[in-house]
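S.K.: Let me give you the structure first, and then I'll get to my questions.
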Amino acid sequence: MHGMICGLGQVGYRVALLALQSGHQITIVTIVARPEWERELRAAGARIFLGDARDEDFLVSAGLRQVDWLISATTNDLTNIEIALDAKRLHPTVRTVARAFDQYLATRLESNFGIDRVLAMSQLAAPAFISSAFGDELVATFKWSSDRYGVVKISITDDHRFSGRTVGDVERETGLSALLLFGKDEHPYVGPSSTDTLEPGDTLKLIGLESSILALGTLPLHADPVPSSERERQSPRLSIRQIWRDAPKDLRLLLLGLMTFIMVGTFVFKFGLNLSPVDAFYFVVSTVTTTGYGDITPKDSSVAIKLFTCLVMLVGSAAVATLYSIITDAFISARFRQLTIGFPVPDESHVIVVGLGDVGFRICEELLRLGIDPVGVDLDPDTKFAATLRTQMPVITGDAREAEVLEQAKFSSAAAIILTTSDDVVNLSVGLLARDEMSNQRIVLRIFDDRFASKVQTTVAFNGALSASRIAAPTFLGSAAYPSSLASFVVRGLLVTVFARKPSELASLGPGEVKVVDRADKGALTIIATPLQTRER
């Protein structure tokens, strides 16, 4: 097939390279190109035209009418929309895919503008970041009809519960279907037989409902996740525990000291004035608060009792001031939290997301949907997504490169931290700080350049260094090349594309197409595994 890619940023470059490795002929139209990318793509056989794809004459002269599909992948939504619409008008049979940062806009564009697919890179990448944060190998997620499906990887080790069992056993126990099986020899078996036995060193890819996949993992899910619509109606509640935890340490220590002093005073007056425990406590409180009703008096008591009473009266003013300070501080903290953070930071098992741009926002949305507590951190208090997220989760304004900000986000008790700012240096800096401070937390970084990400992953002890453009590129290519594709991903030198087939389409599957999920009410899910010319891992 012959395709055209407009825009040669991170996404355009990754899609072009993947398309060339898959055997497509590629034409690239871009205003500017990084010299090393241009040399690499030209050497791989791509035709590159430097110019503005919004110029209709230039687009036609670059060969628009000879291509089967077009992907508009610039960094501007309106530019991508304009290019896709022009391409459809100039070449009505071309299949168009446009990149959009706004996923809500993307859905409307598909239904109202005639663009075949509109994809948001951030939404495609978010599940992979969450998967990496918890050690689960979630390869891809997608929707089929009204249900959410996914592809998950299981690595068989000596002590794995599926070691020595058949593929059929795994399918029956998990409710998932076998997609791919890689043996020790790295040979891929597409749609493996249910009688195949799993041995240590094997890797099995399973496909099925998201609920079945989540049952395999270690995500700290809530028993009853709160829908985002309900979260927006809930306001942060001020609890006694929260008041005590947020009060300054010196005030808490002083209050504990005063309470101890009152208890001692109650004991002294019980025996010194021959009072009942209740009357003794009453006398201490009335003295500490300087109320002094006069119904109980130590004027006829010993000198020691009189001196102790004086001490209680002197300490009383400090006691009242301390109580008022803690109460005032609690209400001010609660108000400040409502205005800046939104919700109280969870005590444990939450996920800290640093950087609330497009990718960070989608990760937070996905965490909330799964019922996992996210805590957002961003240096800019006015980032475009902060106001929306504050209605559903805590959002902290500050520089995560400072240990105090991570402490405010309770990093020591968090399950993981995901770093998704738009600056690789910041992500790396926070990651190194978190690594030095961490105990059991998993650390996942977003790195724009996928080659640099691979180097970071292999040289530094992070749990994941991911490139969002690399994660999203297969779905862009699959959506352009195959009209009924739902998702695409790269695994061990194969580009795997998942299709939805109606019952009427199952009689004659295309060359190399294998049925992996059979749903009588909906049809089936099928896949095509295309070998890549250059091995991708």
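Just remember, in the structure tokens the first chain shown is A, the second B, etc., residues are 1-based per chain, and ligands are 1-based in the order shown.
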Just want the 7 Å neighbourhood of Asn463 (chain A), counted on only C-alpha atoms, with same-chain residues fewer than 4 positions away dropped. Output as a ChimeraX atom specification.

M.R.: /A:132,442-444

S.K.: If you count only C-alpha atoms, which residues fall within 8 Å of region 464-481 of chain A, apart from same-chain ones fewer than 4 positions away, as a ChimeraX atom specification?

M.R.: /A:1,10-11,14-15,18-19,68-71,95-97,117,119,121-122,124-125,128-129,132-133,443-450,453-454,456-457,485-490,495,497

S.K.: Using Å and a single decimal, report how far CA of Gly191 (chain A) sits from CA of Pro503 (chain A).

M.R.: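 These two atoms are separated by 19.3 Å.
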
S.K.: Within 10 Å of Thr30 (chain A), counting only C-alpha atoms, which residues qualify if same-chain residues fewer than 2 places away don't, as a PyMOL selection string?

M.R.: chain A and resi 5-9+12+28+32-33+48-53+73-74

S.K.: Would you write out those residues with N, CA, C and O atoms, as an mmCIF file, in the first residue's frame?

M.R.:
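Wrote part.cif, looks like this:
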data_model
loop_
_atom_site.group_PDB
_atom_site.id
_atom_site.type_symbol
_atom_site.label_atom_id
_atom_site.label_comp_id
_atom_site.auth_asym_id
_atom_site.auth_seq_id
_atom_site.Cartn_x
_atom_site.Cartn_y
_atom_site.Cartn_z
ATOM 1 N N ILE A 5 2.153 10.802 4.880
ATOM 2 C CA ILE A 5 2.193 11.303 6.250
ATOM 3 C C ILE A 5 2.508 12.789 6.203
ATOM 4 O O ILE A 5 3.514 13.199 5.607
ATOM 5 N N CYS A 6 1.659 13.584 6.821
ATOM 6 C CA CYS A 6 1.850 15.035 6.852
ATOM 7 C C CYS A 6 2.287 15.444 8.260
ATOM 8 O O CYS A 6 1.553 15.248 9.230
ATOM 9 N N GLY A 7 3.490 15.984 8.356
ATOM 10 C CA GLY A 7 4.050 16.350 9.646
ATOM 11 C C GLY A 7 5.080 15.322 10.083
ATOM 12 O O GLY A 7 4.790 14.121 10.098
ATOM 13 N N LEU A 8 6.274 15.799 10.430
ATOM 14 C CA LEU A 8 7.342 14.882 10.798
ATOM 15 C C LEU A 8 7.875 15.216 12.188
ATOM 16 O O LEU A 8 9.068 15.446 12.385
ATOM 17 N N GLY A 9 6.945 15.237 13.152
ATOM 18 C CA GLY A 9 7.352 15.325 14.541
ATOM 19 C C GLY A 9 7.596 13.924 15.071
ATOM 20 O O GLY A 9 7.825 12.981 14.313
ATOM 21 N N GLY A 12 4.828 11.534 13.639
ATOM 22 C CA GLY A 12 5.005 11.332 12.204
ATOM 23 C C GLY A 12 6.227 10.477 11.902
ATOM 24 O O GLY A 12 6.175 9.583 11.040
ATOM 25 N N ILE A 28 6.187 11.649 2.505
ATOM 26 C CA ILE A 28 6.104 12.521 3.686
ATOM 27 C C ILE A 28 6.083 13.967 3.222
ATOM 28 O O ILE A 28 6.892 14.381 2.382
ATOM 29 N N VAL A 32 9.328 21.265 8.082
ATOM 30 C CA VAL A 32 10.718 21.087 8.507
ATOM 31 C C VAL A 32 10.922 19.618 8.892
ATOM 32 O O VAL A 32 9.974 18.916 9.230
ATOM 33 N N ALA A 33 12.170 19.191 8.855
ATOM 34 C CA ALA A 33 12.503 17.816 9.228
ATOM 35 C C ALA A 33 13.858 17.797 9.915
ATOM 36 O O ALA A 33 14.795 18.485 9.473
ATOM 37 N N ILE A 48 10.313 12.445 0.520
ATOM 38 C CA ILE A 48 10.053 13.553 1.441
ATOM 39 C C ILE A 48 9.965 14.851 0.660
ATOM 40 O O ILE A 48 10.870 15.199 -0.115
ATOM 41 N N PHE A 49 8.855 15.578 0.889
ATOM 42 C CA PHE A 49 8.633 16.874 0.259
ATOM 43 C C PHE A 49 8.558 17.926 1.364
ATOM 44 O O PHE A 49 7.732 17.812 2.284
ATOM 45 N N LEU A 50 9.415 18.935 1.275
ATOM 46 C CA LEU A 50 9.432 20.002 2.273
ATOM 47 C C LEU A 50 8.492 21.116 1.822
ATOM 48 O O LEU A 50 8.718 21.764 0.788
ATOM 49 N N GLY A 51 7.416 21.321 2.569
ATOM 50 C CA GLY A 51 6.434 22.337 2.243
ATOM 51 C C GLY A 51 5.220 22.221 3.142
ATOM 52 O O GLY A 51 5.151 21.339 4.007
ATOM 53 N N ASP A 52 4.255 23.108 2.934
ATOM 54 C CA ASP A 52 3.063 23.168 3.773
ATOM 55 C C ASP A 52 1.967 22.277 3.178
ATOM 56 O O ASP A 52 1.509 22.503 2.050
ATOM 57 N N ALA A 53 1.525 21.275 3.922
ATOM 58 C CA ALA A 53 0.507 20.349 3.434
ATOM 59 C C ALA A 53 -0.862 21.010 3.298
ATOM 60 O O ALA A 53 -1.767 20.423 2.698
ATOM 61 N N ALA A 73 -0.385 14.354 11.043
ATOM 62 C CA ALA A 73 0.161 14.191 12.392
ATOM 63 C C ALA A 73 0.998 15.382 12.830
ATOM 64 O O ALA A 73 1.996 15.225 13.536
ATOM 65 N N THR A 74 0.602 16.598 12.441
ATOM 66 C CA THR A 74 1.320 17.768 12.930
ATOM 67 C C THR A 74 0.960 18.001 14.397
ATOM 68 O O THR A 74 0.128 17.295 14.971
#

S.K.: Kindly indicate which residue among A:Pro298, A:Arg42, A:Met259, A:Glu186 lies nearest to Cys310 (chain A), using only C-alpha atoms for the distances.

M.R.: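 That would be A:Pro298, the residue with the smallest distance to Cys310 (chain A).
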
S.K.: Contacts of Phe499 (chain A) at 9 Å or less, counting only C-alpha atoms, minus same-chain residues fewer than 3 places along, as an MDAnalysis selection string?

M.R.: chainID A and resid 482:487 524:528
